[in-house]
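A quick write-up on the structure given underneath.
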Amino acid sequence: MDTDVLIVGAGPTGLMLANQLARRGVRHLLIDRHDGPARETRALGVQARTLEIYQKLGIVGRALELGKPGHGANLWANGVLKGHVPLGDAGREITPYPYILILGQDDNERIMGERLSALGGAVRWNTELVALEQRAERVAATLKMPDGTARTIQAAWVAGCDGAHSAVRELNAIAFPGAPYEQVFFVADVEMTGTMVPDEVNVYLWKHGFHLFFPMRGTDHWRIVGIVPPALRGSDTLAFDAVVPSLRGEAGSALAFKACSWFSTYRIHHRAAAEFRKGRCFVLGDAAHIHSPVGAQGMNTGLQDAYNLAWKLALVVQGKADAALIDSYAAERMPVAQSLLRSTDEGFRLVVSDSAFAGLLRTQVVARLAGLAMKFRRVQLAAFRAVSQTGIGYRKGPLADGTLPDDAPQGGDRFPWLKLVMQSGGAAEDLFATLDDLRFHLLAFGQALPFGLPDFGGLVAAHAVPDDAANDAVLAHARIPHRSFYLIRPDGYVGLCGGTLDADSIASYFHETLYVRDR
Ligand SMILES: Cc1cc2nc3c(=O)[nH]c(=O)nc-3n(C[C@H](O)[C@H](O)[C@H](O)COP(=O)(O)OP(=O)(O)OC[C@H]3O[C@@H](n4cnc5c(N)ncnc54)[C@H](O)[C@@H]3O)c2cc1C
């Protein structure tokens, strides 16, 4: 076998997967057909859940240093500020990162690439997957090498992180149903001044669609994403100047443009792969799902796909679990992609529909209603959880198990961000910072650890959380029952939970649900 995991594509998804496999000591080969990293910013919004993963990967400090936190969004219609959507207030108790970090895809890729080098990994550029043949125990993958020759290598698994036109998906004949939207988007990186609220996202709704202004690093730098006006849709040679009149008309005549460093137009599709796994091949990121940019979810969803797959693949490659564990990748991530497609599609149709009624709804009702709704804390929290991806869970997935009252965190939920005293008499610790993501963590509340808990060769770290007045308050707030236990997976989701902890139920969960082998 030449490698355990062949990762095709070194965009954000492939880089995240390579990093996670490298951290777990899994042999992998990361290839990309381009001659080097992409230079365009493309995706801009890094969501809180991604930053939580960046923290575990040791790159969150660098991302925060280079990025710009967007604490809220402003909704404009007919040039008038109609509503404000605060992000920070709602997210403060949910995550250490209660904002959208504005950081270009190129910077994200660079930071992940640097981390991969520090871990001893590298991207093989100018190397393209051109053919695949699945066999029982391996995949034969034919690569076009930098010198133009073909070379066939043997890999135990192949991860298709190769974008919307995925070769892994096509060579496995996995259908990619969906459709293109008729609208054409433009994206421009611009130095400019105008009515925009600084350091926040500004959404200008207009009769024919919307313009989004994202604050970028530096003074007066904005990324504008918008719909090409219907009259200009057919043009192949559109330049930024052509969309300026519509920008001025709808976002205000006070806009003053100094320079445009990047302008591109693109059509958007909404599609999801019919299968996320076929035999020994997977699809992740844009190879598995593409959708409208409403909500800045695309890149983030690919990163979560990789984080979900990596720990499972590592256990299987290292012989610690049976291959059946990996079925849960598709079972957990396909519903996320489908629900994302539905919500971004609905949101997108509302903000781009050409009908006169939709135009009226957009400019007269939506902005005002959204602004009003956001004054209610429950709405703010729900919106933050949805956009930040901290609300994504796998309750209906095959790894979710346990019985606790309905209002408590359940199997399949992201374990909440808590600060707990973990040693009697000690200070409260931020569990996101102190619990590593290379093992399972078993937290026992209101009870001692029972005798004979299995640890599967260091795969599980068990912690008896001391009774402490400060802990009681934190747990009550999180609705965690006083006497309970939570088994947290390496990716931060609850596997099993329950009341009284006993060694046998932990052992049978590992054997029967996770397919982990005794060591
Ligand atoms: C103009 C534009 C603006 C966007 N704006 C946003 C935004 O604001 N917010 C957002 O969330 N998303 C946005 N997106 C989407 C976002 O860029 C994608 O979701 C993200 O890039 C997906 O990452 P990925 O790693 O899955 O795929 P990609 O970034 O597409 O990476 C795939 C990689 O695979 C390589 N590859 C392909 N085929 C092969 C092969 N056969 N062999 C070897 N290598 C191969 C490619 O060279 C590429 O490097 C935008 C996209 C575009 C085009």
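Ordering of the structure tokens sets the chain letters (A, B, ...), residue numbers begin anew at 1 in every chain, and ligands are numbered from 1 in the order given.
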| message | Which of region 294-495 of chain A end up as helix (DSSP H, G or I) when DSSP is run on this backbone - answer as number ranges by chain? | response | A: 298-317, 323-352, 356-373, 377-388, 431-434, 469-477
| field | Expected selection as a PyMOL selection string for ligand 1 within 8 Å, only C-alpha atoms and all ligand atoms | value | chain A and resi 8-15+31-34+37-38+41-46+105+126-130+143+161-168+186-187+225+264-266+284-288+290+293-303
| Every residue of region 87-239 of chain A that DSSP places in strand (DSSP E), as a PyMOL selection string | chain A and resi 100-102+123-124+128-134+139-144+150-160+178-193+201-206+209-215+221-227
Would you export the selected residues with C-alpha atoms as a JSON list (two decimals), in the first residue's frame, please?
[["chain", "number", "residue", "atom", "x", "y", "z"],
["A", 100, "ILE", "CA", -18.11, 35.82, 12.28],
["A", 101, "LEU", "CA", -14.40, 36.20, 11.63],
["A", 102, "ILE", "CA", -13.85, 37.94, 8.33],
["A", 123, "VAL", "CA", 0.86, 19.28, -0.57],
["A", 124, "ARG", "CA", 1.98, 17.57, -3.80],
["A", 128, "GLU", "CA", -4.04, 15.28, -10.66],
["A", 129, "LEU", "CA", -6.27, 12.27, -10.03],
["A", 130, "VAL", "CA", -7.32, 10.95, -13.45],
["A", 131, "ALA", "CA", -8.59, 7.41, -12.81],
["A", 132, "LEU", "CA", -9.77, 5.20, -9.97],
["A", 133, "GLU", "CA", -10.42, 1.52, -9.54],
["A", 134, "GLN", "CA", -11.95, 0.23, -6.33],
["A", 139, "VAL", "CA", -8.17, 1.66, -4.34],
["A", 140, "ALA", "CA", -5.88, 1.91, -7.36],
["A", 141, "ALA", "CA", -5.60, 5.63, -8.17],
["A", 142, "THR", "CA", -3.94, 6.88, -11.32],
["A", 143, "LEU", "CA", -2.26, 10.26, -10.97],
["A", 144, "LYS", "CA", -0.97, 12.61, -13.62],
["A", 150, "ALA", "CA", 0.93, 8.72, -15.26],
["A", 151, "ARG", "CA", 1.54, 6.79, -12.06],
["A", 152, "THR", "CA", -0.83, 4.35, -10.35],
["A", 153, "ILE", "CA", -0.69, 4.18, -6.58],
["A", 154, "GLN", "CA", -2.51, 1.98, -4.06],
["A", 155, "ALA", "CA", -4.43, 3.67, -1.24],
["A", 156, "ALA", "CA", -6.56, 2.09, 1.49],
["A", 157, "TRP", "CA", -9.03, 5.02, 1.34],
["A", 158, "VAL", "CA", -9.61, 8.00, -0.97],
["A", 159, "ALA", "CA", -11.06, 11.29, 0.25],
["A", 160, "GLY", "CA", -12.48, 13.46, -2.53],
["A", 178, "GLY", "CA", -29.68, 19.85, -8.20],
["A", 179, "ALA", "CA", -29.80, 22.84, -10.50],
["A", 180, "PRO", "CA", -28.17, 26.18, -11.26],
["A", 181, "TYR", "CA", -29.82, 29.43, -10.23],
["A", 182, "GLU", "CA", -30.61, 31.76, -13.07],
["A", 183, "GLN", "CA", -29.01, 34.76, -11.36],
["A", 184, "VAL", "CA", -25.36, 35.62, -11.91],
["A", 185, "PHE", "CA", -23.31, 36.74, -8.93],
["A", 186, "PHE", "CA", -20.41, 39.12, -8.81],
["A", 187, "VAL", "CA", -17.73, 39.43, -6.19],
["A", 188, "ALA", "CA", -15.42, 42.43, -5.86],
["A", 189, "ASP", "CA", -12.67, 43.40, -3.42],
["A", 190, "VAL", "CA", -12.85, 47.15, -3.24],
["A", 191, "GLU", "CA", -11.27, 50.11, -1.48],
["A", 192, "MET", "CA", -14.14, 52.50, -0.88],
["A", 193, "THR", "CA", -16.15, 54.65, 1.52],
["A", 201, "VAL", "CA", -21.59, 43.14, 7.66],
["A", 202, "ASN", "CA", -23.92, 45.44, 5.71],
["A", 203, "VAL", "CA", -26.75, 43.98, 3.66],
["A", 204, "TYR", "CA", -28.40, 46.28, 1.11],
["A", 205, "LEU", "CA", -31.69, 44.80, -0.09],
["A", 206, "TRP", "CA", -33.04, 46.11, -3.34],
["A", 209, "GLY", "CA", -31.68, 41.29, -5.12],
["A", 210, "PHE", "CA", -29.07, 42.31, -2.58],
["A", 211, "HIS", "CA", -25.57, 43.61, -2.09],
["A", 212, "LEU", "CA", -23.50, 42.29, 0.79],
["A", 213, "PHE", "CA", -20.59, 44.35, 2.10],
["A", 214, "PHE", "CA", -18.08, 42.47, 4.26],
["A", 215, "PRO", "CA", -15.42, 44.50, 6.13],
["A", 221, "HIS", "CA", -11.46, 47.63, 2.34],
["A", 222, "TRP", "CA", -14.72, 45.87, 1.58],
["A", 223, "ARG", "CA", -15.73, 42.66, -0.18],
["A", 224, "ILE", "CA", -18.93, 43.24, -2.14],
["A", 225, "VAL", "CA", -21.04, 40.28, -3.20],
["A", 226, "GLY", "CA", -24.11, 40.99, -5.29],
["A", 227, "ILE", "CA", -26.37, 40.00, -8.13]]
| message | Just want the 9 Å neighbourhood of Asp89 (chain A), counted on only C-alpha atoms, with same-chain residues fewer than 3 positions away dropped. Output as an NGL selection string. | response | :A and (71 or 86 or 92-93 or 98 or 380-381)
| request: Name the residues in contact with Gly492 (chain A) at a cut-off of 12 Å, using only C-alpha atoms, excluding same-chain residues fewer than 2 positions from it; report them as JSON, numbers by chain. | output: {"A": [49, 52, 53, 56, 304, 307, 308, 311, 390, 392, 393, 394, 411, 412, 413, 414, 415, 416, 417, 431, 432, 433, 435, 436, 437, 438, 439, 440, 441, 442, 486, 487, 488, 489, 490, 494, 495]}
| field | Residue nearest Leu325 (chain A) - candidates A:Leu514, A:Ala470, A:Leu232, A:Ile59, atoms counted: only C-alpha atoms | value |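 Under the stated criterion, the closest residue is A:Leu514.
Interatomic distance, CA of Ala273 (chain A) against CA of Thr344 (chain A): 16.4 Å.
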| remark: note - CA of Ser343 (chain A) and CA of Gly104 (chain A) are separated by 23.6 Å
| request: Excluding Leu21 (chain A) and residues on its chain fewer than 6 positions from it, collect all residues at most 10 Å away from it, counting only C-alpha atoms, and give them as a ChimeraX atom specification. | output: /A:5,15,27-28,116,121,306-307,309-311,313-314
| Quick one, how far is CA of Phe176 (chain A) from CA of Val283 (chain A)? |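 Between these atoms lies a distance of 11.1 Å.
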| request: Would you list the contacts of Pro466 (chain A) as an NGL selection string, taking every protein, DNA or RNA residue within 10 Å and counting only C-alpha atoms, but skipping same-chain residues closer than 3 positions in sequence? | output: :A and (420-426 or 444-448 or 463 or 469 or 471-472)
